[in-house]
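Asker: target.cif (mmCIF, C-alpha atoms) pasted underneath:
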data_start
loop_
_atom_site.label_atom_id
_atom_site.label_comp_id
_atom_site.auth_asym_id
_atom_site.auth_seq_id
_atom_site.Cartn_x
_atom_site.Cartn_y
_atom_site.Cartn_z
CA MET A 1 114.14 -61.27 126.25
CA PRO A 2 110.70 -60.20 127.67
CA ASP A 3 108.09 -62.79 128.58
CA SER A 4 105.44 -63.45 125.85
CA ILE A 5 102.31 -65.51 125.19
CA THR A 6 100.87 -66.91 122.00
CA LEU A 7 98.03 -65.29 120.03
CA TYR A 8 95.76 -68.19 121.01
CA GLN A 9 96.51 -67.56 124.68
CA LEU A 10 95.74 -63.82 124.23
CA ASN A 11 92.46 -64.57 122.48
CA LYS A 12 91.56 -67.06 125.21
CA ASN A 13 92.23 -64.43 127.89
CA ILE A 14 90.01 -61.94 126.03
CA ALA A 15 87.34 -64.63 125.61
CA ASP A 16 87.43 -65.45 129.31
CA CYS A 17 86.86 -61.75 130.11
CA LEU A 18 84.06 -61.22 127.58
CA ASN A 19 82.25 -64.49 128.00
CA GLN A 20 81.96 -64.03 131.73
CA SER A 21 80.48 -60.49 131.43
CA ASP A 22 76.73 -59.81 131.14
CA LYS A 23 77.45 -56.29 129.80
CA VAL A 24 78.03 -57.65 126.27
CA ARG A 25 75.31 -60.33 126.14
CA ASN A 26 71.68 -59.80 125.00
CA ILE A 27 72.16 -56.04 124.67
CA TRP A 28 69.85 -53.86 122.53
CA VAL A 29 71.97 -51.75 120.15
CA THR A 30 70.91 -49.13 117.57
CA ALA A 31 73.02 -48.95 114.41
CA GLU A 32 72.88 -48.49 110.65
CA LEU A 33 73.37 -51.57 108.49
CA SER A 34 76.08 -51.70 105.85
CA ASP A 35 77.46 -54.37 103.49
CA VAL A 36 74.54 -56.74 104.20
CA ALA A 37 75.07 -60.06 102.42
CA VAL A 38 73.28 -63.41 102.68
CA ARG A 39 75.51 -66.48 102.17
CA ASN A 40 74.43 -70.04 102.86
CA ARG A 41 71.28 -68.63 104.50
CA HIS A 42 73.40 -66.75 107.04
CA CYS A 43 73.16 -62.95 106.99
CA TYR A 44 76.46 -61.09 107.42
CA MET A 45 76.62 -57.35 107.95
CA GLU A 46 78.51 -54.41 109.35
CA LEU A 47 77.00 -52.21 112.04
CA ILE A 48 78.06 -48.57 111.79
CA GLU A 49 77.33 -45.34 113.65
CA LYS A 50 77.78 -41.80 112.31
CA ASP A 51 77.85 -38.46 114.10
CA SER A 52 75.65 -35.45 113.24
CA ASN A 53 78.05 -34.53 110.40
CA GLY A 54 77.82 -37.97 108.82
CA VAL A 55 81.30 -39.04 109.92
CA GLN A 56 81.60 -42.70 110.90
CA ILE A 57 82.57 -43.03 114.57
CA ALA A 58 82.04 -46.77 115.23
CA LYS A 59 81.95 -50.04 113.27
CA ALA A 60 81.53 -53.73 114.11
CA ARG A 61 80.87 -56.98 112.23
CA ALA A 62 77.71 -58.93 113.05
CA VAL A 63 75.85 -62.01 111.83
CA ILE A 64 72.34 -63.46 111.95
CA TRP A 65 72.63 -67.21 111.75
CA ALA A 66 70.45 -69.12 109.32
CA GLY A 67 68.26 -70.49 112.12
CA SER A 68 67.14 -66.96 113.06
CA TYR A 69 67.48 -65.01 109.79
CA GLN A 70 64.29 -66.16 108.05
CA ALA A 71 62.11 -65.42 111.09
CA LEU A 72 63.71 -62.02 111.78
CA ASN A 73 63.55 -60.95 108.12
CA GLY A 74 59.87 -61.96 107.99
CA LYS A 75 59.21 -59.96 111.14
CA MET A 76 60.85 -56.94 109.54
CA LEU A 77 58.87 -57.27 106.30
CA SER A 78 55.50 -57.66 107.99
CA SER A 79 56.05 -54.64 110.24
CA THR A 80 57.79 -52.15 107.94
CA GLY A 81 57.48 -53.58 104.45
CA GLN A 82 61.28 -53.64 104.25
CA SER A 83 63.70 -56.49 104.36
CA ILE A 84 66.95 -56.43 106.31
CA ARG A 85 69.21 -54.49 103.96
CA SER A 86 71.99 -51.93 103.82
CA GLY A 87 71.16 -48.30 104.57
CA ILE A 88 68.43 -48.75 107.17
CA LYS A 89 68.62 -48.19 110.89
CA LEU A 90 67.73 -51.03 113.23
CA MET A 91 67.50 -51.78 116.90
CA LEU A 92 69.12 -55.21 117.31
CA LYS A 93 69.55 -57.53 120.25
CA VAL A 94 73.17 -58.72 120.11
CA SER A 95 75.53 -60.84 122.12
CA THR A 96 79.30 -60.39 121.83
CA SER A 97 81.58 -63.40 122.31
CA MET A 98 85.19 -64.28 121.71
CA HIS A 99 86.49 -67.58 120.35
CA PRO A 100 90.23 -68.25 120.59
CA VAL A 101 90.28 -69.59 117.02
CA TYR A 102 87.56 -67.62 115.19
CA GLY A 103 88.00 -64.33 117.00
CA LEU A 104 85.42 -61.75 118.06
CA SER A 105 81.81 -62.32 116.94
CA MET A 106 78.59 -60.31 117.41
CA VAL A 107 75.44 -62.41 116.96
CA VAL A 108 72.01 -60.87 116.37
CA SER A 109 69.17 -62.71 118.08
CA ASP A 110 66.27 -60.26 117.72
CA ILE A 111 65.21 -56.95 116.12
CA ASP A 112 62.70 -54.20 116.97
CA PRO A 113 60.95 -53.13 113.71
CA ASP A 114 59.15 -50.26 115.46
CA TYR A 115 62.45 -48.41 115.80
CA THR A 116 63.07 -48.68 112.04
CA MET A 117 59.57 -47.49 111.24
CA GLY A 118 59.98 -44.56 113.59
CA ASP A 119 63.32 -43.68 112.02
CA LEU A 120 61.76 -43.62 108.53
CA LEU A 121 58.95 -41.37 109.73
CA ARG A 122 61.45 -39.13 111.53
CA ARG A 123 63.57 -38.71 108.41
CA ARG A 124 60.46 -37.98 106.36
CA ALA A 125 59.33 -35.39 108.91
CA GLU A 126 62.79 -33.78 108.82
CA SER A 127 62.64 -33.58 105.01
CA ILE A 128 59.15 -32.02 105.11
CA ALA A 129 60.32 -29.49 107.71
CA ARG A 130 63.34 -28.61 105.57
CA LEU A 131 61.21 -28.17 102.42
CA THR A 132 58.82 -25.98 104.42
CA LYS A 133 61.67 -23.87 105.78
CA GLU A 134 63.04 -23.34 102.27
CA GLY A 135 59.58 -22.19 101.16
CA VAL A 136 59.08 -24.68 98.31
CA ILE A 137 56.85 -27.40 99.74
CA ASP A 138 53.63 -25.88 98.31
CA ASN A 139 55.00 -24.64 94.97
CA ASN A 140 53.85 -27.55 92.84
CA ARG A 141 50.68 -28.11 94.86
CA ASN A 142 49.59 -24.50 94.15
CA LEU A 143 49.93 -24.75 90.35
CA GLN A 144 46.68 -24.32 88.40
CA TRP A 145 45.45 -27.17 86.19
CA PRO A 146 44.19 -26.67 82.64
CA LEU A 147 40.51 -27.44 82.24
CA VAL A 148 41.25 -30.73 80.47
CA PRO A 149 44.90 -31.91 80.65
CA GLN A 150 45.61 -33.79 77.44
CA ASN A 151 49.39 -33.66 76.87
CA ILE A 152 50.62 -36.11 79.51
CA ALA A 153 54.34 -36.63 80.25
CA ILE A 154 54.84 -39.99 81.97
CA ILE A 155 57.83 -40.97 84.11
CA SER A 156 57.96 -44.73 84.56
CA ALA A 157 60.04 -47.77 83.84
CA PRO A 158 59.61 -48.99 80.23
CA GLY A 159 57.57 -52.18 80.08
CA ALA A 160 56.41 -51.87 83.70
CA ALA A 161 52.97 -53.27 84.48
CA GLY A 162 51.94 -50.00 86.11
CA PHE A 163 52.81 -48.04 82.97
CA GLY A 164 50.81 -50.48 80.83
CA ASP A 165 47.79 -50.29 83.12
CA PHE A 166 47.90 -46.50 83.08
CA CYS A 167 48.04 -46.21 79.28
CA ASN A 168 45.34 -48.86 78.77
CA GLN A 169 43.00 -47.08 81.18
CA LEU A 170 43.77 -43.64 79.74
CA LEU A 171 43.54 -44.40 76.03
CA ASN A 172 40.54 -46.74 76.15
CA ASN A 173 38.25 -44.52 78.25
CA SER A 174 34.52 -44.88 77.66
CA SER A 175 34.07 -41.14 77.09
CA ARG A 176 36.44 -41.29 74.09
CA LEU A 177 38.48 -38.44 75.45
CA ARG A 178 41.67 -37.86 73.47
CA PHE A 179 44.92 -37.89 75.45
CA ILE A 180 48.47 -37.63 74.13
CA PRO A 181 50.80 -39.52 76.50
CA ARG A 182 54.57 -39.81 76.12
CA LEU A 183 56.96 -41.87 78.19
CA PHE A 184 60.13 -40.40 79.68
CA PRO A 185 61.82 -43.61 80.92
CA ALA A 186 63.46 -43.76 84.33
CA ILE A 187 64.68 -46.27 86.89
CA MET A 188 61.93 -46.64 89.48
CA GLN A 189 63.68 -48.73 92.14
CA GLY A 190 66.96 -48.73 94.01
CA GLU A 191 69.69 -46.20 94.72
CA LYS A 192 69.85 -44.91 91.13
CA ALA A 193 66.13 -44.16 90.92
CA PRO A 194 66.14 -40.58 92.36
CA ALA A 195 68.82 -39.32 89.95
CA SER A 196 67.12 -41.10 87.03
CA ILE A 197 63.74 -39.52 87.80
CA ILE A 198 65.35 -36.07 88.18
CA ASN A 199 66.96 -36.51 84.73
CA ALA A 200 63.53 -37.37 83.28
CA LEU A 201 62.04 -34.22 84.83
CA GLU A 202 64.83 -32.15 83.28
CA SER A 203 64.10 -33.72 79.87
CA ILE A 204 60.43 -32.78 80.21
CA ALA A 205 61.32 -29.21 81.22
CA ILE A 206 63.43 -28.60 78.10
CA ASP A 207 61.06 -30.38 75.72
CA ASP A 208 59.22 -28.18 73.20
CA THR A 209 55.83 -29.76 73.92
CA ALA A 210 53.45 -27.73 76.07
CA TRP A 211 52.91 -30.45 78.70
CA ASP A 212 49.74 -30.13 80.78
CA CYS A 213 50.97 -32.38 83.57
CA VAL A 214 53.56 -34.98 84.60
CA VAL A 215 52.56 -38.41 85.92
CA ILE A 216 55.11 -40.36 87.99
CA ILE A 217 53.85 -43.94 88.28
CA ARG A 218 55.07 -47.26 89.59
CA GLY A 219 53.16 -50.43 90.31
CA GLY A 220 52.95 -52.19 93.65
CA GLY A 221 55.75 -54.08 95.35
CA ALA A 222 57.56 -54.40 98.61
CA THR A 223 57.65 -51.27 100.73
CA SER A 224 61.42 -51.50 100.69
CA ASP A 225 61.29 -50.95 96.93
CA LEU A 226 59.71 -47.54 97.55
CA GLN A 227 62.49 -46.14 99.74
CA CYS A 228 63.97 -44.32 96.74
CA PHE A 229 60.90 -42.05 96.82
CA GLU A 230 61.94 -40.75 100.24
CA ASP A 231 64.94 -38.97 98.68
CA PHE A 232 65.13 -35.27 99.62
CA ASN A 233 66.69 -34.07 96.33
CA LEU A 234 63.98 -35.81 94.32
CA ALA A 235 61.26 -34.28 96.51
CA TYR A 236 62.86 -30.83 96.16
CA ASN A 237 62.91 -31.10 92.34
CA ILE A 238 59.25 -32.15 92.26
CA ALA A 239 58.24 -29.33 94.61
CA CYS A 240 59.97 -26.75 92.39
CA PHE A 241 58.77 -28.20 89.07
CA GLU A 242 56.63 -25.72 87.11
CA ILE A 243 54.15 -28.26 85.70
CA PRO A 244 51.54 -30.01 87.91
CA ILE A 245 52.71 -33.49 88.95
CA ILE A 246 50.58 -36.53 89.81
CA ILE A 247 52.14 -39.25 91.98
CA GLY A 248 50.69 -42.74 91.52
CA ILE A 249 53.08 -45.11 93.28
CA GLY A 250 52.43 -48.50 94.83
CA HIS A 251 49.19 -49.35 96.58
CA GLU A 252 46.70 -47.28 98.51
CA ARG A 253 48.51 -47.94 101.81
CA ASP A 254 51.88 -46.78 100.43
CA ILE A 255 52.82 -43.21 101.38
CA THR A 256 56.13 -41.58 100.48
CA LEU A 257 57.78 -38.17 100.83
CA LEU A 258 56.81 -37.34 97.24
CA ASP A 259 53.13 -37.39 98.21
CA SER A 260 53.78 -34.35 100.41
CA VAL A 261 55.13 -32.14 97.59
CA ALA A 262 53.32 -33.21 94.39
CA ASN A 263 50.20 -31.42 93.15
CA MET A 264 48.10 -34.60 93.25
CA ARG A 265 48.53 -37.95 94.97
CA VAL A 266 46.55 -41.03 93.88
CA LYS A 267 46.80 -44.56 95.16
CA THR A 268 47.83 -46.44 91.97
CA PRO A 269 48.83 -45.82 88.32
CA THR A 270 45.32 -46.83 87.25
CA ALA A 271 43.86 -44.30 89.68
CA ALA A 272 46.03 -41.59 88.06
CA ALA A 273 44.46 -42.37 84.68
CA GLU A 274 40.98 -42.42 86.23
CA TRP A 275 41.58 -38.99 87.80
CA LEU A 276 42.54 -37.48 84.43
CA ILE A 277 39.54 -39.10 82.73
CA GLU A 278 37.20 -37.89 85.49
CA ARG A 279 38.49 -34.33 85.00
CA GLY A 280 37.71 -34.60 81.28
CA ASP A 281 34.27 -36.05 82.04
CA ARG A 282 33.52 -33.09 84.33
CA ALA A 283 34.46 -30.71 81.53
CA LEU A 284 32.16 -32.60 79.12
CA THR A 285 29.33 -32.43 81.67
CA GLN A 286 29.83 -28.68 82.00
CA LEU A 287 29.79 -28.31 78.22
CA ASP A 288 26.57 -30.34 78.05
CA LEU A 289 24.96 -28.10 80.67
CA ILE A 290 26.08 -24.99 78.79
CA ALA A 291 24.73 -26.42 75.52
CA GLN A 292 21.40 -27.27 77.17
CA THR A 293 21.17 -23.78 78.66
CA ILE A 294 21.88 -22.22 75.25
CA MET A 295 19.31 -24.49 73.61
CA THR A 296 16.65 -23.63 76.22
CA ARG A 297 17.24 -19.90 75.95
CA ALA A 298 17.41 -19.99 72.15
CA THR A 299 14.17 -21.99 72.00
CA GLY A 300 12.46 -19.48 74.30
CA LEU A 301 13.69 -16.54 72.22
CA ILE A 302 12.59 -18.15 68.97
CA SER A 303 9.18 -18.96 70.45
CA GLY A 304 8.76 -15.37 71.63
CA CYS A 305 9.81 -14.04 68.24
CA LYS A 306 7.30 -16.32 66.52
CA GLU A 307 4.50 -14.98 68.74
CA GLN A 308 5.52 -11.43 67.97
CA LEU A 309 5.63 -12.19 64.23
CA SER A 310 2.14 -13.70 64.40
CA TYR A 311 0.87 -10.63 66.24
CA TYR A 312 2.42 -8.25 63.73
CA ALA A 313 1.20 -10.38 60.83
CA GLY A 314 -2.36 -9.87 62.13
CA LEU A 315 -1.79 -6.12 62.46
CA LEU A 316 -0.14 -5.68 59.08
CA PRO A 317 -3.32 -5.42 56.89
CA VAL A 318 -4.94 -2.67 59.03
CA ALA A 319 -1.85 -1.02 60.46
CA PRO A 320 -1.11 1.24 57.42
CA ILE A 321 -4.73 2.48 57.30
CA GLN A 322 -4.75 3.18 61.03
CA ALA A 323 -1.37 4.85 60.86
CA THR A 324 -2.46 7.04 57.91
CA SER A 325 -5.69 8.04 59.66
CA LYS A 326 -3.80 8.91 62.85
CA ALA A 327 -1.27 10.91 60.85
CA LYS A 328 -4.00 12.87 59.08
CA MET A 329 -5.64 13.64 62.39
CA ARG A 330 -2.35 14.80 63.89
CA LEU A 331 -1.70 16.95 60.80
CA HIS A 332 -5.18 18.54 60.97
CA ASN A 333 -4.73 19.26 64.66
CA ALA A 334 -1.33 20.78 63.95
CA VAL A 335 -2.79 23.06 61.24
CA MET A 336 -5.55 24.23 63.52
CA LEU A 337 -3.13 24.78 66.35
CA LEU A 338 -0.71 26.62 64.09
CA SER A 339 -3.48 28.89 62.77
CA GLY A 340 -4.58 29.89 66.24
CA VAL A 341 -1.05 30.34 67.45
CA SER A 342 -0.08 32.49 64.44
CA ASN A 343 -3.01 34.88 64.97
CA ARG A 344 -2.20 35.21 68.67
CA LEU A 345 1.45 35.89 67.93
CA LEU A 346 1.12 38.12 64.82
CA THR A 347 -1.45 40.67 66.15
CA PRO A 348 0.70 41.90 69.05
CA ALA A 349 3.72 41.88 66.76
CA ARG A 350 1.96 44.11 64.21
CA SER A 351 0.95 46.53 66.98
CA ARG A 352 4.50 46.72 68.21
CA LEU A 353 5.72 47.40 64.63
CA ASP A 354 3.23 50.32 64.20
CA VAL A 355 4.41 51.89 67.44
CA MET A 356 8.03 51.34 66.45
CA ALA A 357 7.43 52.98 63.03
CA ALA A 358 5.95 56.14 64.60
CA ASN A 359 8.68 56.27 67.20
CA LEU A 360 11.33 55.70 64.55
CA SER A 361 10.26 58.82 62.52
CA THR A 362 10.31 61.07 65.57
CA ALA A 363 13.58 59.62 66.75
CA ALA A 364 15.16 60.26 63.32
CA VAL A 365 14.10 63.96 63.30
CA ASN A 366 15.33 64.46 66.85
CA ALA A 367 18.63 62.76 66.11
CA THR A 368 19.15 64.92 62.98
CA LYS A 369 18.40 68.13 64.90
CA ARG A 370 20.80 67.19 67.69
CA ALA A 371 23.52 66.44 65.13
CA ALA A 372 22.97 69.84 63.37
CA ASP A 373 23.18 71.68 66.70
CA ARG A 374 26.46 69.92 67.50
CA LEU A 375 27.87 70.93 64.08
CA ASP A 376 26.85 74.63 64.60
CA ASN A 377 28.52 74.65 68.00
CA ALA A 378 31.67 73.16 66.58
CA ARG A 379 31.70 75.69 63.73
CA SER A 380 31.36 78.60 66.15
CA LEU A 381 34.13 77.18 68.35
CA LEU A 382 36.46 76.76 65.39
CA GLY A 383 35.76 80.35 64.22
CA ALA A 384 36.55 81.72 67.66
CA LEU A 385 39.76 79.77 67.95
CA SER A 386 41.09 80.34 64.38
CA PRO A 387 44.15 82.68 63.71
CA GLN A 388 41.96 85.01 61.67
CA ALA A 389 39.67 85.60 64.65
CA VAL A 390 42.73 86.50 66.72
CA LEU A 391 43.90 88.99 64.02
CA ASN A 392 40.41 90.47 63.92
CA ARG A 393 40.73 91.28 67.59
CA GLY A 394 43.76 93.59 66.78
CA TYR A 395 46.61 91.15 67.11
CA SER A 396 49.35 90.60 64.44
CA ILE A 397 51.86 87.91 63.55
CA THR A 398 55.49 88.82 62.80
CA ARG A 399 57.71 86.49 60.81
CA VAL A 400 61.34 86.61 59.73
CA ASN A 401 62.50 84.22 57.09
CA GLY A 402 59.16 82.47 57.42
CA ASN A 403 59.54 81.85 61.17
CA VAL A 404 57.22 83.37 63.74
CA VAL A 405 59.00 85.98 65.92
CA THR A 406 58.21 85.72 69.60
CA SER A 407 61.26 87.55 70.99
CA PRO A 408 63.35 90.67 69.90
CA GLU A 409 66.49 88.52 70.00
CA GLN A 410 65.23 86.61 66.96
CA VAL A 411 65.78 89.65 64.55
CA ASN A 412 68.92 91.54 63.59
CA HIS A 413 69.73 94.90 61.98
CA GLY A 414 68.76 94.95 58.34
CA ASP A 415 66.38 91.89 58.58
CA VAL A 416 63.21 92.12 56.55
CA ILE A 417 60.24 91.24 58.66
CA GLU A 418 56.71 90.43 57.59
CA THR A 419 53.79 91.55 59.75
CA THR A 420 50.40 89.95 59.17
CA LEU A 421 47.33 92.02 60.19
CA ALA A 422 43.59 91.39 59.89
CA GLY A 423 43.47 93.59 56.77
CA GLY A 424 46.76 92.52 55.05
CA THR A 425 50.57 92.17 55.27
CA ILE A 426 53.32 94.82 55.92
CA HIS A 427 57.05 94.31 55.14
CA SER A 428 59.59 96.28 57.19
CA ILE A 429 63.38 96.56 57.56
CA ILE A 430 64.96 96.56 61.00
CA GLU A 431 67.16 99.70 61.49
CA ASN A 432 67.53 99.72 65.26
CA ASN A 433 67.65 96.68 67.43
#
Turn this file's structure into structure tokens for me.

Answerer:
Amino acid sequence: MPDSITLYQLNKNIADCLNQSDKVRNIWVTAELSDVAVRNRHCYMELIEKDSNGVQIAKARAVIWAGSYQALNGKMLSSTGQSIRSGIKLMLKVSTSMHPVYGLSMVVSDIDPDYTMGDLLRRRAESIARLTKEGVIDNNRNLQWPLVPQNIAIISAPGAAGFGDFCNQLLNNSSRLRFIPRLFPAIMQGEKAPASIINALESIAIDDTAWDCVVIIRGGGATSDLQCFEDFNLAYNIACFEIPIIIGIGHERDITLLDSVANMRVKTPTAAAEWLIERGDRALTQLDLIAQTIMTRATGLISGCKEQLSYYAGLLPVAPIQATSKAKMRLHNAVMLLSGVSNRLLTPARSRLDVMAANLSTAAVNATKRAADRLDNARSLLGALSPQAVLNRGYSITRVNGNVVTSPEQVNHGDVIETTLAGGTIHSIIENN
């Protein structure tokens, strides 16, 4: 049988090794907290480490004893606004020891809040860089606002003080502007908040109302309560939403990832209502200026028209007489002008007509004589070219069976031929051919 030792002896040997080594005492360690629980004022937790793919590669149990927990948690809250809780990264000062009875223990004696704050800013910067790379970070910020947004979709927790302050400020404005708000309830704190807010956005998107804007509001609180607004998926949905979104979360000092993607960021829910009211007031001021401009111009036009009417009213009694006198004068001048013009135009015209009449008679005689000469010439030409003139010159025309004979081959023995002469016709019978 091999030699053996008890479990106590083994633990004691491990304890002797660990407790004598400075490599495991007062060491600063970075890790993510998990399963944080406070019992009897002691804070128990698991420290975990993940690789770049999110796979857990190391885990250890740790504790902050009651004597240190309150001071360390207060230090964390004052520096980062967050309490010691699951899901955050911390730099902790730990000492590892081994007790033969109670086993291995890792005790936290100090924390460095600056590391946690830097990690939050790093993760926010990574999310902003990713949204920029995907080309959506400015989508909602570039949406155009209506002149006066009146249909307001609100995402908030029902009964929350911030929601009440917003509605009271919006609906009781001194300018008596009319707004139509409607609540789309959502969880505004904790791990379930991002999915709940995304569901509310989807409800707004499919609603039949033509919403002018969406207001996401939450009152003040611990900075740790606002960590849900650092969620990448929630920021992506807000960036891609097709209605302008106002973010009014927490206090003026509170900044979240959502402020980098929404169309408008204000410091509180009340400030969101004030921004909407101010936009309406600006529109009213513009309308007042337009109305004053119209009134001034209309008054000037009416005044000018009145002056013109007064002037024409003074002219009206004498204007017809003056107009008639001027018309008579123009008519008389026209008659005189027409008389002179007609004499100057008619005399040359008459002279031209007399010349044309004399020329026309001579031209007619000459044209008639030329036409008669052309007829005589044509008559002489026709007489010279006619068949009778040819016969008169001693020629004859021979026909057989009515056809003119131009060759001896056209007649046969015994044919009766007809010979036409200038003085008459001879009929003959062909005996020799």

Asker: Could you state the separation of CA of Leu381 in chain A and CA of Leu421 in chain A in Å, given to one decimal place?

Answerer: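 Calculated distance between CA of Leu381 in chain A and CA of Leu421 in chain A is 21.5 Å.
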
Asker: Can you turn the PyMOL selection byres ((chain A and resi 123) around 12) into a concrete residue list for this file, as a CSV table (one decimal) with C-alpha atoms, in the frame of the given file?

Answerer:
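And here is the file that came out, expr_34.csv:
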chain,number,residue,atom,x,y,z
A,88,ILE,CA,68.4,-48.8,107.2
A,89,LYS,CA,68.6,-48.2,110.9
A,116,THR,CA,63.1,-48.7,112.0
A,117,MET,CA,59.6,-47.5,111.2
A,118,GLY,CA,60.0,-44.6,113.6
A,119,ASP,CA,63.3,-43.7,112.0
A,120,LEU,CA,61.8,-43.6,108.5
A,121,LEU,CA,59.0,-41.4,109.7
A,122,ARG,CA,61.4,-39.1,111.5
A,124,ARG,CA,60.5,-38.0,106.4
A,125,ALA,CA,59.3,-35.4,108.9
A,126,GLU,CA,62.8,-33.8,108.8
A,127,SER,CA,62.6,-33.6,105.0
A,128,ILE,CA,59.2,-32.0,105.1
A,129,ALA,CA,60.3,-29.5,107.7
A,130,ARG,CA,63.3,-28.6,105.6
A,227,GLN,CA,62.5,-46.1,99.7
A,230,GLU,CA,61.9,-40.8,100.2
A,231,ASP,CA,64.9,-39.0,98.7
A,232,PHE,CA,65.1,-35.3,99.6
A,256,THR,CA,56.1,-41.6,100.5
A,257,LEU,CA,57.8,-38.2,100.8

Asker: Can you measure CA of Gln169 in chain A to CA of Ala262 in chain A for me? One decimal in Å is fine.

Answerer: 21.8 Å

Asker: Fewer than 2 positions away in the same chain doesn't count, so skip those; otherwise give me all residues within 9 Å of Met106 in chain A, counting only C-alpha atoms, as a PyMOL selection string.

Answerer: chain A and resi 60-64+94-98+104+108

Asker: For the PyMOL selection byres ((chain A and resi 164) around 12), applied here, can you spell out every residue it catches as a list in words?

Answerer: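 For this structure, the PyMOL selection byres ((chain A and resi 164) around 12) captures Ile154, Ser156, Ala157, Pro158, Gly159, Ala160, Ala161, Gly162, Phe163, Asp165, Phe166, Cys167, Asn168, Gln169, Leu170, Leu171, Asn172, Pro181, Leu183, Ile217, Arg218, Gly219, Pro269, Thr270 and Ala273 of chain A.
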
Asker: Neighbours of Pro113 in chain A within 12 Å (only C-alpha atoms; same-chain residues fewer than 2 positions away dropped), as a PyMOL selection string?

Answerer: chain A and resi 30+72-84+88-93+110-111+115-120

Asker: Would you work out the distance separating CA of Ser260 in chain A from CA of Phe229 in chain A, expressed in Å to one decimal?

Answerer: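 Answer for the CA of Ser260 in chain A to CA of Phe229 in chain A separation: 11.1 Å.
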
Asker: With the file shown as input, list the residues that the PyMOL selection byres ((chain A and resi 43-51) around 8) selects, as a ChimeraX atom specification.

Answerer: /A:31-39,41-42,52-66,69

Asker: Mind dumping the selected residues with C-alpha atoms as a compact mmCIF listing (two decimals), keeping the file's coordinate frame?

Answerer:
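Result file result_34.txt:
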# COMPACT_ATOMS: atom_id res chain seq x y z
CA ALA A 31 73.02 -48.95 114.41
CA GLU A 32 72.88 -48.49 110.65
CA LEU A 33 73.37 -51.57 108.49
CA SER A 34 76.08 -51.70 105.85
CA ASP A 35 77.46 -54.37 103.49
CA VAL A 36 74.54 -56.74 104.20
CA ALA A 37 75.07 -60.06 102.42
CA VAL A 38 73.28 -63.41 102.68
CA ARG A 39 75.51 -66.48 102.17
CA ARG A 41 71.28 -68.63 104.50
CA HIS A 42 73.40 -66.75 107.04
CA SER A 52 75.65 -35.45 113.24
CA ASN A 53 78.05 -34.53 110.40
CA GLY A 54 77.82 -37.97 108.82
CA VAL A 55 81.30 -39.04 109.92
CA GLN A 56 81.60 -42.70 110.90
CA ILE A 57 82.57 -43.03 114.57
CA ALA A 58 82.04 -46.77 115.23
CA LYS A 59 81.95 -50.04 113.27
CA ALA A 60 81.53 -53.73 114.11
CA ARG A 61 80.87 -56.98 112.23
CA ALA A 62 77.71 -58.93 113.05
CA VAL A 63 75.85 -62.01 111.83
CA ILE A 64 72.34 -63.46 111.95
CA TRP A 65 72.63 -67.21 111.75
CA ALA A 66 70.45 -69.12 109.32
CA TYR A 69 67.48 -65.01 109.79

Asker: Taking 3 positions as the minimum chain separation for residues in the same chain, which residues sit within 12 Å of Glu202 in chain A when counting only C-alpha atoms? Answer as JSON, numbers by chain.

Answerer: {"A": [153, 155, 184, 186, 195, 196, 197, 198, 199, 205, 206, 207, 214, 234, 237, 238, 240, 241, 242, 243]}
